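A.B. asks: Dropping in data.cif, with mmCIF, C-alpha atoms.
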data_data
#
loop_
_atom_site.label_atom_id
_atom_site.label_comp_id
_atom_site.auth_asym_id
_atom_site.auth_seq_id
_atom_site.Cartn_x
_atom_site.Cartn_y
_atom_site.Cartn_z
CA MET A 27 35.08 -3.78 -61.14
CA ALA A 28 32.79 -6.64 -60.31
CA ARG A 29 35.79 -8.84 -59.68
CA ASN A 30 37.21 -6.33 -57.20
CA VAL A 31 33.90 -6.19 -55.36
CA ALA A 32 33.78 -9.96 -55.12
CA GLU A 33 37.34 -10.09 -53.83
CA THR A 34 36.75 -7.46 -51.16
CA ALA A 35 33.53 -9.19 -50.16
CA ARG A 36 35.52 -12.35 -49.62
CA LYS A 37 37.87 -10.55 -47.24
CA PHE A 38 34.98 -9.57 -44.96
CA LEU A 39 34.90 -11.18 -41.57
CA LEU A 40 31.70 -12.93 -40.58
CA LEU A 41 30.42 -13.31 -37.03
CA GLY A 42 28.80 -16.64 -36.26
CA GLN A 43 28.14 -19.29 -33.69
CA CYS A 44 29.65 -22.76 -33.60
CA VAL A 45 27.09 -25.58 -33.85
CA PRO A 46 27.60 -29.32 -33.28
CA THR A 47 29.05 -31.36 -36.18
CA VAL A 48 30.43 -34.82 -36.83
CA LYS A 49 33.26 -33.50 -38.99
CA GLN A 50 36.66 -34.05 -37.41
CA ASN A 51 38.91 -31.36 -38.84
CA ALA A 52 36.25 -28.74 -39.43
CA THR A 53 33.66 -26.80 -37.48
CA LYS A 54 30.22 -25.78 -38.60
CA ILE A 55 29.43 -22.13 -38.10
CA ARG A 56 25.97 -20.61 -38.23
CA VAL A 57 25.76 -17.02 -39.41
CA LYS A 58 22.46 -15.33 -38.68
CA ARG A 59 21.22 -12.76 -41.15
CA LEU A 60 18.04 -10.84 -41.81
CA GLU A 61 16.48 -11.03 -45.24
CA LEU A 62 13.99 -8.54 -46.60
CA ASP A 63 10.76 -9.91 -47.94
CA GLU A 64 9.83 -7.37 -50.59
CA ASN A 65 6.16 -8.24 -50.64
CA LEU A 66 5.64 -7.82 -46.93
CA LEU A 67 8.45 -5.26 -46.44
CA MET A 68 9.53 -7.19 -43.39
CA TYR A 69 12.79 -8.76 -42.37
CA PHE A 70 12.95 -12.47 -41.67
CA ARG A 71 15.76 -14.45 -40.12
CA LYS A 72 17.89 -16.46 -42.50
CA ASP A 73 20.62 -18.81 -41.33
CA GLU A 74 23.67 -19.64 -43.37
CA PHE A 75 26.03 -22.44 -42.50
CA TYR A 76 29.74 -22.43 -43.24
CA TYR A 77 32.25 -25.19 -42.69
CA CYS A 78 35.56 -23.83 -41.40
CA HIS A 79 38.94 -25.45 -41.38
CA ASP A 80 39.89 -26.10 -37.74
CA PRO A 81 42.22 -29.09 -37.25
CA VAL A 82 43.02 -28.31 -33.59
CA LYS A 83 39.37 -27.74 -32.66
CA LYS A 84 40.03 -24.20 -31.51
CA CYS A 85 36.38 -23.46 -30.96
CA LYS A 86 33.79 -25.56 -29.19
CA THR A 87 30.03 -25.79 -29.55
CA GLY A 88 28.33 -22.50 -28.78
CA ASP A 89 31.34 -20.21 -29.12
CA ILE A 90 30.90 -16.94 -31.00
CA VAL A 91 33.69 -16.70 -33.61
CA LEU A 92 34.96 -14.58 -36.47
CA ILE A 93 35.44 -16.40 -39.76
CA GLN A 94 36.98 -15.48 -43.10
CA ALA A 95 36.87 -17.06 -46.53
CA LEU A 96 39.95 -19.05 -47.56
CA PRO A 97 41.78 -17.81 -50.69
CA HIS A 98 41.00 -21.15 -52.31
CA LYS A 99 38.35 -23.69 -51.40
CA MET A 100 39.93 -26.44 -49.37
CA THR A 101 37.37 -29.12 -50.15
CA LYS A 102 33.91 -29.04 -51.61
CA LEU A 103 32.59 -28.30 -48.12
CA ILE A 104 35.29 -26.36 -46.29
CA THR A 105 35.40 -22.79 -47.57
CA HIS A 106 36.30 -20.68 -44.54
CA GLU A 107 38.77 -20.52 -41.71
CA ILE A 108 38.45 -19.44 -38.11
CA LYS A 109 40.08 -16.09 -37.31
CA GLU A 110 39.33 -15.64 -33.67
CA VAL A 111 37.14 -16.89 -30.84
CA VAL A 112 35.38 -13.75 -29.65
CA TYR A 113 33.15 -15.05 -26.86
CA PRO A 114 33.71 -18.51 -25.40
CA PHE A 115 30.39 -20.15 -24.55
CA GLY A 116 29.29 -19.94 -20.93
CA ASP A 117 32.32 -18.00 -19.73
CA ILE A 118 31.22 -14.40 -20.00
CA THR A 119 33.34 -11.35 -19.18
CA ASP A 120 31.71 -7.99 -18.64
CA PRO A 121 33.18 -5.67 -21.33
CA VAL A 122 32.87 -2.53 -19.15
CA THR A 123 34.51 -3.67 -15.94
CA GLY A 124 36.38 -6.72 -17.23
CA LYS A 125 35.01 -8.92 -14.46
CA LYS A 126 33.61 -12.41 -14.89
CA VAL A 127 29.85 -12.72 -14.95
CA ALA A 128 27.34 -15.50 -14.29
CA LYS A 129 23.90 -14.52 -15.59
CA SER A 130 22.97 -11.21 -13.93
CA GLN A 131 25.61 -11.27 -11.17
CA TYR A 132 29.35 -10.82 -10.91
CA ARG A 133 31.10 -13.94 -9.71
CA GLU A 134 32.85 -11.86 -7.06
CA ASP A 135 29.53 -10.75 -5.61
CA MET A 136 28.30 -14.32 -5.45
CA GLU A 137 31.42 -15.32 -3.54
CA LYS A 138 30.98 -12.40 -1.15
CA GLN A 139 27.36 -13.34 -0.52
CA ALA A 140 28.35 -16.92 0.24
CA GLU A 141 31.04 -15.73 2.64
CA ILE A 142 28.58 -13.55 4.56
CA TYR A 143 26.14 -16.45 4.94
CA GLY A 144 28.95 -18.82 5.89
CA LYS A 145 30.67 -20.50 2.98
CA LEU A 146 30.61 -24.30 2.78
CA ASP A 147 33.16 -26.57 1.10
CA SER A 148 30.45 -28.22 -0.98
CA GLY A 149 29.98 -25.08 -3.09
CA PHE A 150 31.52 -24.58 -6.50
CA ASP A 151 34.98 -23.01 -6.61
CA TYR A 152 35.83 -21.15 -9.82
CA ASP A 153 39.58 -21.16 -9.15
CA LYS A 154 39.85 -24.93 -8.81
CA ALA A 155 37.53 -25.67 -11.73
CA PRO A 156 39.19 -27.27 -14.79
CA GLN A 157 38.78 -25.84 -18.28
CA ARG A 158 35.65 -26.58 -20.24
CA GLY A 159 35.60 -29.97 -21.93
CA TRP A 160 36.55 -32.42 -19.18
CA GLN A 161 33.05 -33.92 -19.23
CA ASP A 162 32.78 -33.96 -23.01
CA GLY A 163 31.81 -37.45 -24.14
CA LYS A 164 31.35 -38.65 -20.55
CA LYS A 165 28.33 -36.85 -19.18
CA ASP A 166 28.04 -33.88 -21.48
CA PHE A 167 26.97 -34.91 -24.98
CA THR A 168 26.74 -31.64 -26.86
CA SER A 169 29.70 -31.62 -29.24
CA LYS A 170 27.91 -33.72 -31.86
CA PRO A 171 24.30 -33.50 -33.02
CA THR A 172 21.86 -35.88 -31.38
CA TYR A 173 19.31 -37.81 -33.42
CA THR A 174 16.37 -40.14 -32.97
CA LYS A 175 17.46 -43.72 -32.43
CA PHE A 176 16.57 -45.64 -35.58
CA HIS A 177 18.20 -49.07 -35.29
CA VAL A 178 19.60 -51.47 -32.68
CA PHE A 179 23.34 -51.58 -33.27
CA ASP A 180 25.86 -53.76 -31.45
CA GLU A 181 27.53 -50.68 -30.08
CA GLU A 182 25.15 -48.12 -28.71
CA ASP A 183 25.77 -44.54 -29.72
CA PRO A 184 25.30 -42.09 -26.81
CA TYR A 185 24.19 -39.40 -29.29
CA ALA A 186 21.11 -41.45 -30.23
CA VAL A 187 18.19 -40.18 -28.18
CA MET B 141 -5.80 -62.42 -62.97
CA LEU B 142 -3.26 -60.23 -64.78
CA ARG B 143 -2.85 -57.98 -61.78
CA ARG B 144 -1.96 -60.91 -59.63
CA LEU B 145 0.51 -62.28 -62.17
CA ILE B 146 2.46 -59.10 -62.93
CA PRO B 147 4.35 -58.78 -59.65
CA SER B 148 5.37 -62.45 -59.75
CA ILE B 149 6.81 -62.13 -63.26
CA VAL B 150 8.31 -58.63 -63.06
CA GLN B 151 9.93 -58.02 -59.73
CA ILE B 152 8.76 -54.64 -58.53
CA ARG B 153 9.23 -54.89 -54.81
CA GLY B 154 12.54 -56.72 -54.87
CA VAL B 155 14.53 -53.48 -55.04
CA LYS B 156 14.50 -53.11 -51.28
CA GLN B 157 16.10 -56.49 -50.78
CA LEU B 158 19.26 -55.52 -52.66
CA VAL B 159 20.70 -54.17 -49.43
CA ASP B 160 21.48 -56.96 -47.05
CA THR B 161 20.64 -55.25 -43.77
CA LYS B 162 17.90 -56.20 -41.40
CA TRP B 163 16.19 -53.39 -39.62
CA VAL B 164 15.43 -53.85 -35.94
CA ARG B 165 13.05 -51.31 -34.48
CA PRO B 166 14.40 -50.00 -31.19
CA GLU B 167 12.27 -51.04 -28.26
CA TYR B 168 10.09 -48.43 -26.63
CA VAL B 169 11.52 -47.15 -23.36
CA PRO B 170 9.26 -44.94 -21.21
CA ALA B 171 10.62 -41.43 -20.75
CA TYR B 172 10.68 -41.67 -16.96
CA LYS B 173 13.20 -44.55 -16.99
CA PRO B 174 16.73 -43.66 -15.82
CA GLU B 175 18.29 -44.52 -19.19
CA ARG B 176 16.04 -41.98 -20.89
CA SER B 177 16.10 -39.31 -18.20
CA GLY B 178 19.88 -39.47 -17.83
CA ASP B 179 20.15 -40.43 -14.15
CA LEU B 180 23.20 -42.61 -13.63
CA GLU B 181 22.51 -43.13 -9.95
CA GLY B 182 19.64 -44.49 -7.91
CA LEU B 183 18.47 -43.34 -4.51
CA PRO B 184 21.17 -42.56 -1.92
CA VAL B 185 21.63 -44.99 0.95
CA ILE B 186 19.66 -43.76 3.98
CA PRO B 187 19.34 -46.10 6.98
CA PRO B 188 15.72 -46.81 8.06
CA SER B 189 16.57 -45.66 11.58
CA ALA B 190 17.38 -42.10 10.39
CA LEU B 191 15.25 -39.33 11.88
CA PRO B 192 13.27 -36.85 9.77
CA GLU B 193 14.54 -33.29 9.45
CA GLU B 194 12.25 -31.75 12.10
CA TYR B 195 13.02 -34.26 14.84
CA ALA B 196 16.75 -34.65 14.18
CA LEU B 197 17.56 -31.39 16.00
CA SER B 198 15.32 -32.09 19.01
CA GLU B 199 17.03 -32.46 22.39
CA GLU B 200 14.33 -34.69 23.85
CA ILE B 201 14.64 -37.38 21.22
CA LYS B 202 18.34 -37.80 21.91
CA ASN B 203 17.58 -38.94 25.45
CA ALA B 204 14.48 -40.91 24.50
CA SER B 205 14.24 -44.69 24.63
CA GLU B 206 14.85 -46.96 21.64
CA ALA B 207 11.16 -47.64 21.12
CA VAL B 208 10.35 -43.91 20.85
CA LYS B 209 13.23 -43.37 18.47
CA GLN B 210 11.96 -46.20 16.28
CA ILE B 211 8.47 -44.72 16.15
CA PHE B 212 9.87 -41.33 15.07
CA SER B 213 12.28 -42.84 12.51
CA ILE B 214 11.58 -42.66 8.75
CA GLU B 215 10.76 -46.34 8.74
CA HIS B 216 7.50 -45.52 10.52
CA ARG B 217 6.97 -41.98 9.26
CA GLY B 218 6.34 -43.05 5.67
CA LYS B 219 7.81 -42.45 2.21
CA LYS B 220 7.20 -38.71 2.27
CA GLU B 221 9.73 -38.13 5.02
CA TYR B 222 12.21 -40.43 3.33
CA ASN B 223 11.89 -38.46 0.09
CA LYS B 224 12.61 -35.24 1.98
CA LEU B 225 15.85 -36.73 3.25
CA VAL B 226 16.81 -37.80 -0.29
CA LYS B 227 16.35 -34.28 -1.56
CA LYS B 228 18.31 -32.88 1.37
CA GLU B 229 21.17 -35.30 0.71
CA LEU B 230 21.42 -34.24 -2.93
CA ILE B 231 21.25 -30.53 -2.11
CA ASN B 232 23.96 -30.90 0.54
CA ARG B 233 26.35 -32.13 -2.15
CA ILE B 234 26.38 -28.82 -3.97
CA ARG B 235 25.29 -26.24 -1.38
CA ARG B 236 27.08 -22.86 -1.46
CA HIS B 237 26.04 -21.87 2.07
CA GLN B 238 23.60 -22.96 4.73
CA TYR B 239 20.66 -20.91 3.44
CA ASP B 240 21.26 -21.70 -0.23
CA GLU B 241 17.80 -22.82 -1.39
CA ASN B 242 16.87 -21.09 -4.61
CA THR B 243 19.96 -20.92 -6.84
CA ALA B 244 20.02 -22.84 -10.11
CA GLU B 245 22.17 -25.68 -8.79
CA THR B 246 20.04 -26.27 -5.68
CA ARG B 247 16.88 -26.22 -7.75
CA ILE B 248 18.35 -28.80 -10.13
CA ALA B 249 19.48 -30.93 -7.17
CA ARG B 250 16.03 -30.79 -5.57
CA ILE B 251 14.31 -31.69 -8.82
CA THR B 252 16.81 -34.54 -9.31
CA GLY B 253 15.96 -35.92 -5.85
CA HIS B 254 12.25 -35.71 -6.63
CA ILE B 255 12.73 -37.45 -10.00
CA ARG B 256 14.70 -40.30 -8.45
CA CYS B 257 12.03 -40.83 -5.77
CA LEU B 258 9.34 -40.93 -8.47
CA GLN B 259 11.39 -43.35 -10.54
CA ASP B 260 11.56 -45.60 -7.50
CA THR B 261 7.78 -45.57 -7.05
CA LEU B 262 7.21 -46.08 -10.77
CA GLU B 263 9.39 -49.19 -10.70
CA LYS B 264 6.89 -50.66 -8.24
CA PHE B 265 3.70 -49.13 -9.64
CA PRO B 266 4.17 -48.51 -13.38
CA ARG B 267 0.46 -47.65 -13.77
CA ASN B 268 0.61 -44.67 -11.45
CA VAL B 269 -0.30 -42.09 -14.07
CA GLN B 270 -0.03 -39.06 -11.80
CA ALA B 271 3.53 -39.98 -10.79
CA LYS B 272 4.43 -40.66 -14.41
CA LYS B 273 3.15 -37.28 -15.49
CA THR B 274 4.95 -35.46 -12.68
CA ALA B 275 8.17 -37.28 -13.44
CA GLN B 276 7.96 -36.32 -17.12
CA GLU B 277 7.31 -32.68 -16.27
CA LEU B 278 10.16 -32.55 -13.79
CA ILE B 279 12.61 -34.19 -16.21
CA ASP B 280 11.75 -31.60 -18.85
CA LYS B 281 12.08 -28.78 -16.35
CA ARG B 282 15.47 -30.02 -15.17
CA LYS B 283 16.68 -30.24 -18.75
CA LYS B 284 15.59 -26.67 -19.34
CA LEU B 285 17.37 -25.44 -16.22
CA LEU B 286 20.52 -27.33 -17.23
CA LYS B 287 20.31 -25.78 -20.68
CA PHE B 288 20.20 -22.28 -19.20
CA LEU B 289 23.01 -23.03 -16.74
CA ARG B 290 25.10 -24.29 -19.64
CA GLN B 291 24.56 -21.01 -21.45
CA TYR B 292 25.73 -18.71 -18.69
CA ASP B 293 28.15 -20.82 -16.67
CA TYR B 294 29.68 -23.76 -18.46
CA LYS B 295 32.20 -24.71 -15.77
CA LYS B 296 29.54 -24.94 -13.11
CA PHE B 297 27.34 -26.96 -15.45
CA GLU B 298 30.02 -29.60 -15.94
CA TRP B 299 30.78 -29.70 -12.21
CA LEU B 300 27.08 -30.15 -11.45
CA LEU B 301 26.75 -33.06 -13.90
CA GLU B 302 29.66 -34.78 -12.16
CA LYS B 303 28.31 -34.15 -8.63
CA LEU B 304 24.73 -35.24 -9.29
CA ASN B 305 25.58 -37.98 -11.80
CA ILE B 306 23.36 -36.75 -14.61
CA VAL B 307 23.90 -37.14 -18.35
CA TYR B 308 23.01 -34.15 -20.50
CA LYS B 309 22.20 -34.59 -24.17
CA ALA B 310 21.24 -31.70 -26.39
CA HIS B 311 17.85 -31.66 -28.06
CA PRO B 312 17.84 -33.35 -31.48
CA GLU B 313 17.30 -31.11 -34.48
CA SER B 314 13.90 -32.59 -35.21
CA LEU B 315 11.71 -34.58 -32.89
CA HIS B 316 9.54 -36.85 -34.98
CA LYS B 317 8.04 -40.28 -34.87
CA LEU B 318 10.38 -42.97 -36.14
CA SER B 319 9.36 -44.43 -39.48
CA ARG B 320 10.47 -47.58 -41.26
CA LYS B 321 11.26 -45.75 -44.48
CA GLU B 322 13.55 -43.22 -42.84
CA SER B 323 15.43 -45.88 -40.88
CA LEU B 324 15.92 -48.02 -43.97
CA ARG B 325 17.17 -45.00 -45.88
CA LYS B 326 19.73 -44.24 -43.20
CA LEU B 327 20.85 -47.87 -43.03
CA THR B 328 21.25 -48.00 -46.80
CA GLU B 329 23.26 -44.81 -46.73
CA MET B 330 25.55 -46.27 -44.10
CA HIS B 331 25.91 -49.46 -46.12
CA CYS B 332 26.86 -47.49 -49.25
CA GLU B 333 29.36 -45.41 -47.29
CA GLU B 334 30.95 -48.59 -45.95
CA ILE B 335 31.34 -50.00 -49.46
CA ARG B 336 32.79 -46.72 -50.71
CA GLN B 337 35.32 -46.55 -47.86
CA GLY B 338 36.28 -50.19 -48.37
CA LYS B 339 36.98 -49.64 -52.05
CA LEU B 340 38.94 -46.47 -51.35
CA THR B 341 41.18 -48.12 -48.74
CA GLU B 342 41.74 -51.09 -51.06
CA TYR B 343 42.84 -48.80 -53.86
CA ARG B 344 45.02 -46.82 -51.48
CA ASN B 345 46.74 -50.00 -50.29
CA LEU B 346 47.34 -51.05 -53.89
CA LEU B 347 48.95 -47.72 -54.75
CA GLU B 348 51.06 -47.71 -51.60
CA SER B 349 52.33 -51.23 -52.27
CA GLN B 350 53.54 -50.03 -55.68
CA GLN B 351 55.42 -47.11 -54.14
CA GLY B 352 58.34 -49.24 -52.86
CA PRO B 353 59.43 -50.87 -56.12
CA PHE B 354 59.02 -47.54 -57.91
CA LEU B 355 61.27 -45.72 -55.44
CA LYS B 356 63.88 -48.48 -55.76
CA ASP B 357 63.90 -48.10 -59.54
CA LYS B 358 64.07 -44.34 -59.16
CA ILE B 359 67.20 -44.52 -56.98
CA ASP B 360 68.92 -46.81 -59.48
CA ALA B 361 67.96 -44.60 -62.39
CA LEU B 362 69.13 -41.41 -60.68
CA LYS B 363 72.44 -42.98 -59.76
CA LEU B 364 72.93 -44.19 -63.32
CA ILE B 365 72.15 -40.78 -64.79
CA ARG B 366 74.57 -39.08 -62.42
CA SER B 367 77.41 -41.50 -63.12
CA GLU B 368 76.86 -41.20 -66.87
CA GLN B 369 76.79 -37.42 -66.70
CA ILE B 370 80.08 -37.39 -64.77
CA GLU B 371 81.64 -39.84 -67.20
CA LEU B 372 80.63 -37.93 -70.32
CA GLN B 373 81.47 -34.55 -68.68
CA LEU B 374 78.00 -33.17 -69.28
CA PRO B 375 76.35 -30.54 -67.05
CA ILE B 376 75.23 -32.42 -63.90
CA THR B 377 71.49 -32.16 -63.28
CA VAL B 378 71.13 -34.79 -60.52
CA THR B 379 72.66 -33.78 -57.20
CA GLU B 380 73.60 -36.04 -54.29
CA GLN B 381 70.83 -34.43 -52.26
CA ASP B 382 68.20 -35.56 -54.72
CA ILE B 383 69.32 -39.15 -54.39
CA LYS B 384 69.43 -38.89 -50.62
CA LYS B 385 65.92 -37.52 -50.53
CA VAL B 386 64.60 -40.45 -52.52
CA GLU B 387 66.51 -42.90 -50.31
CA GLN B 388 64.93 -41.35 -47.23
CA GLN B 389 61.50 -41.69 -48.80
CA PHE B 390 62.24 -45.33 -49.53
CA GLU B 391 63.25 -46.03 -45.93
CA GLU B 392 60.11 -44.33 -44.63
CA TRP B 393 58.03 -46.48 -46.94
CA LYS B 394 59.84 -49.61 -45.65
CA ILE B 395 58.95 -48.81 -42.02
CA LYS B 396 55.31 -48.18 -42.96
CA ASP B 397 55.13 -51.37 -44.97
CA ASP B 398 56.57 -53.42 -42.10
CA LEU B 399 53.96 -52.05 -39.73
CA LYS B 400 51.19 -52.85 -42.19
CA GLN B 401 52.38 -56.41 -42.71
CA GLN B 402 52.62 -56.99 -38.97
CA ALA B 403 49.05 -55.77 -38.56
CA ARG B 404 47.96 -58.10 -41.36
CA LYS B 405 49.70 -61.05 -39.70
CA LYS B 406 48.04 -60.29 -36.39
CA LYS B 407 44.64 -60.22 -38.08
CA LYS B 408 45.33 -63.57 -39.74
CA ASN B 409 46.40 -65.11 -36.45
CA LEU B 410 43.28 -63.81 -34.74
CA LEU B 411 41.13 -65.27 -37.50
CA LEU B 412 42.89 -68.65 -37.24
CA GLU B 413 42.38 -68.76 -33.50
#
Spit out the file's structure as structure tokens when you get a sec.

C.D. replies:
Amino acid sequence: MARNVAETARKFLLLGQCVPTVKQNATKIRVKRLELDENLLMYFRKDEFYYCHDPVKKCKTGDIVLIQALPHKMTKLITHEIKEVVYPFGDITDPVTGKKVAKSQYREDMEKQAEIYGKLDSGFDYDKAPQRGWQDGKKDFTSKPTYTKFHVFDEEDPYAV
Amino acid sequence: MLRRLIPSIVQIRGVKQLVDTKWVRPEYVPAYKPERSGDLEGLPVIPPSALPEEYALSEEIKNASEAVKQIFSIEHRGKKEYNKLVKKELINRIRRHQYDENTAETRIARITGHIRCLQDTLEKFPRNVQAKKTAQELIDKRKKLLKFLRQYDYKKFEWLLEKLNIVYKAHPESLHKLSRKESLRKLTEMHCEEIRQGKLTEYRNLLESQQGPFLKDKIDALKLIRSEQIELQLPITVTEQDIKKVEQQFEEWKIKDDLKQQARKKKKNLLLE
């Protein structure tokens, strides 16, 4: 009985967010949970981290993903695999209308507003914009964790703050 | 007397010296400096004869004499007017429409212009505390705005970094004062990892070098077994495919080995030079 429960529990999908890692063929996923403190009868946030096998780097930092346990542990660290990227980070679609959103506005509405005021070429064009990741490692250093600079190396690491 | 003698006889503090790495404390860089704030670009080039915003549209100044124009130019109007033009230049790079003043990207551009002007003044007057404070506050504010923009519109965020020439680094997990102990620990860890990797690659090379001769023997043995089995009319357990497979493996190993030896030769030549 207990074995069955454990097996079914393993098949559960977990929803988590991708966080920066230095691992090359794996991604680190943070799963947020609430834990009951029995003395205070209050729930407190508890984070769990899972390393997921992801050789093609399907998900990038910040993405909300579904993960599932592998039938066998791959390494000591990698225990899960990525099922699906549910919400890509910073590229939100409204689930009701299916339109693209930026903060509290539809992108369409923003375009319309700009056209009424007299659109300029200097503005940002969503159609021409390349996919996310073209600035990664050039001007956008968010794919790996940053740390306090602790030594003067010959080659300077851009992730040292 | 004894207390003084003990450390000289029994080495207590020598443990740290086992690792042959010298720690160099990184030099302090003020937060307003471009390398810390992430500005890859200085002030834009604005000629001293340029007119401030208010006068540029005036009809009368177009027909005025050279002397009048010079008096009204930013060269004589002071740094304040110049700074306004800097901000305008940066905002014009990313403007959606003519009246676009309060969207996230224009705010970031305006703050960037302000920061770069302050950095310029701080280069000349590093003791200007008020400017230093303002610069710090603005840098933090810009980082916060960039963080939010990244959350809700990643494509625009990347485009903005490119247009304004800013570098964005995420916040470190913990912001704490650097200590000698922590740095030495990290360096030691790195040193140990290096040794471990070196030993592993050495062992790997050793095993791979033994693969070739083994495969050669294996081919010979398989062929012998097959021929014997045919001769003695026993049930044949070794097929032609098996032998072919091993031969293929052997050829693959040969190619790999050649590449490795070439790399080794190159290294040697480089060392000799």

A.B. asks: Evaluated on this file, the PyMOL selection byres ((chain B) within 7 of (chain A)) picks out some residues - which ones are they, written as a list in words?

C.D. replies: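 Selection result, ordered by chain and number: Trp163, Val164, Arg165, Pro166, Arg233, Ile234, Arg235, Arg236, His237, Gln238, Arg290, Gln291, Tyr292, Asp293, Tyr294, Lys295, Lys296, Glu298, Leu301, Ile306, Val307, Tyr308, Lys309, Ala310, His311, Pro312, Leu318 and Ser323 of chain B.
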
A.B. asks: Could the residues in this selection be written to a file with C-alpha atoms, as a JSON list (two decimals), in the frame of the given file?

C.D. replies:
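See result-v5.json below for the written result:
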[["chain", "number", "residue", "atom", "x", "y", "z"],
["B", 163, "TRP", "CA", 16.19, -53.39, -39.62],
["B", 164, "VAL", "CA", 15.43, -53.85, -35.94],
["B", 165, "ARG", "CA", 13.05, -51.31, -34.48],
["B", 166, "PRO", "CA", 14.40, -50.00, -31.19],
["B", 233, "ARG", "CA", 26.35, -32.13, -2.15],
["B", 234, "ILE", "CA", 26.38, -28.82, -3.97],
["B", 235, "ARG", "CA", 25.29, -26.24, -1.38],
["B", 236, "ARG", "CA", 27.08, -22.86, -1.46],
["B", 237, "HIS", "CA", 26.04, -21.87, 2.07],
["B", 238, "GLN", "CA", 23.60, -22.96, 4.73],
["B", 290, "ARG", "CA", 25.10, -24.29, -19.64],
["B", 291, "GLN", "CA", 24.56, -21.01, -21.45],
["B", 292, "TYR", "CA", 25.73, -18.71, -18.69],
["B", 293, "ASP", "CA", 28.15, -20.82, -16.67],
["B", 294, "TYR", "CA", 29.68, -23.76, -18.46],
["B", 295, "LYS", "CA", 32.20, -24.71, -15.77],
["B", 296, "LYS", "CA", 29.54, -24.94, -13.11],
["B", 298, "GLU", "CA", 30.02, -29.60, -15.94],
["B", 301, "LEU", "CA", 26.75, -33.06, -13.90],
["B", 306, "ILE", "CA", 23.36, -36.75, -14.61],
["B", 307, "VAL", "CA", 23.90, -37.14, -18.35],
["B", 308, "TYR", "CA", 23.01, -34.15, -20.50],
["B", 309, "LYS", "CA", 22.20, -34.59, -24.17],
["B", 310, "ALA", "CA", 21.24, -31.70, -26.39],
["B", 311, "HIS", "CA", 17.85, -31.66, -28.06],
["B", 312, "PRO", "CA", 17.84, -33.35, -31.48],
["B", 318, "LEU", "CA", 10.38, -42.97, -36.14],
["B", 323, "SER", "CA", 15.43, -45.88, -40.88]]

A.B. asks: Considering all atoms listed in the file, return as a list in words whatever protein or nucleic-acid residues lie within 12 Å of Ala95 of chain A, sequence-local ones (same chain, fewer than 4 positions apart) excluded.

C.D. replies: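 Result of the neighbour search: Ala32, Glu33, Thr34, Ala35, Arg36, Lys37, Phe38, Leu39, Leu40, Tyr76, Tyr77, Cys78, His79, Lys99, Met100, Ile104, Thr105, His106, Glu107, Ile108 and Lys109 of chain A.
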
A.B. asks: Which residue out of B:Ile251, B:Ala244, B:Val269, B:Ala196 has the minimum interatomic distance to Leu289 of chain B when all atoms listed in the file are used?

C.D. replies: B:Ala244

A.B. asks: Which residues, written as a ChimeraX atom specification, have at least one atom at most 9 Å from Lys356 of chain B, with all atoms listed in the file counted and residues fewer than 5 positions away on the same chain left out?

C.D. replies: /B:351,361,386-387,390

A.B. asks: Report as a list in words the full result of the PyMOL selection byres ((chain B and resi 193) around 12) when it is applied to this structure.

C.D. replies: Ala190, Leu191, Pro192, Glu194, Tyr195, Ala196, Leu197, Ser198, Phe212, Ser213, Ile214, Arg217, Lys220, Glu221, Tyr222, Asn223, Lys224, Leu225, Val226, Lys227, Lys228 and Glu229 of chain B

A.B. asks: Include C-alpha atoms and write out the residues we just selected as a compact mmCIF listing (two decimals), in the frame of the given file.

C.D. replies:
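Heads up, here's the output in part26.txt:
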# COMPACT_ATOMS: atom_id res chain seq x y z
CA ALA B 190 17.38 -42.10 10.39
CA LEU B 191 15.25 -39.33 11.88
CA PRO B 192 13.27 -36.85 9.77
CA GLU B 194 12.25 -31.75 12.10
CA TYR B 195 13.02 -34.26 14.84
CA ALA B 196 16.75 -34.65 14.18
CA LEU B 197 17.56 -31.39 16.00
CA SER B 198 15.32 -32.09 19.01
CA PHE B 212 9.87 -41.33 15.07
CA SER B 213 12.28 -42.84 12.51
CA ILE B 214 11.58 -42.66 8.75
CA ARG B 217 6.97 -41.98 9.26
CA LYS B 220 7.20 -38.71 2.27
CA GLU B 221 9.73 -38.13 5.02
CA TYR B 222 12.21 -40.43 3.33
CA ASN B 223 11.89 -38.46 0.09
CA LYS B 224 12.61 -35.24 1.98
CA LEU B 225 15.85 -36.73 3.25
CA VAL B 226 16.81 -37.80 -0.29
CA LYS B 227 16.35 -34.28 -1.56
CA LYS B 228 18.31 -32.88 1.37
CA GLU B 229 21.17 -35.30 0.71

A.B. asks: What's the separation between atom CA of Asp280 of chain B and atom CA of Ser177 of chain B, in Å to one decimal place?

C.D. replies: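 So the two atoms, atom CA of Asp280 of chain B and atom CA of Ser177 of chain B, lie 8.9 Å apart.
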
A.B. asks: Report the distance between atom CA of Asn305 of chain B and atom CA of Tyr132 of chain A in Å, rounded to one decimal place.

C.D. replies: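 Calculated distance between atom CA of Asn305 of chain B and atom CA of Tyr132 of chain A is 27.4 Å.
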
A.B. asks: Do a neighbour search on Phe70 of chain A at 9 Å with only C-alpha atoms, toss out local chain neighbours closer than 4 positions, and write the hits as a list in words.

C.D. replies: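 So, after excluding close chain neighbours, the residues are Arg59, Leu60, Glu61, Leu62 and Asp63 of chain A.
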
A.B. asks: Could you state the separation of atom CA of Ile376 of chain B and atom CA of Lys363 of chain B in Å, given to one decimal place?

C.D. replies: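 Computed distance, atom CA of Ile376 of chain B to atom CA of Lys363 of chain B, equals 11.7 Å.
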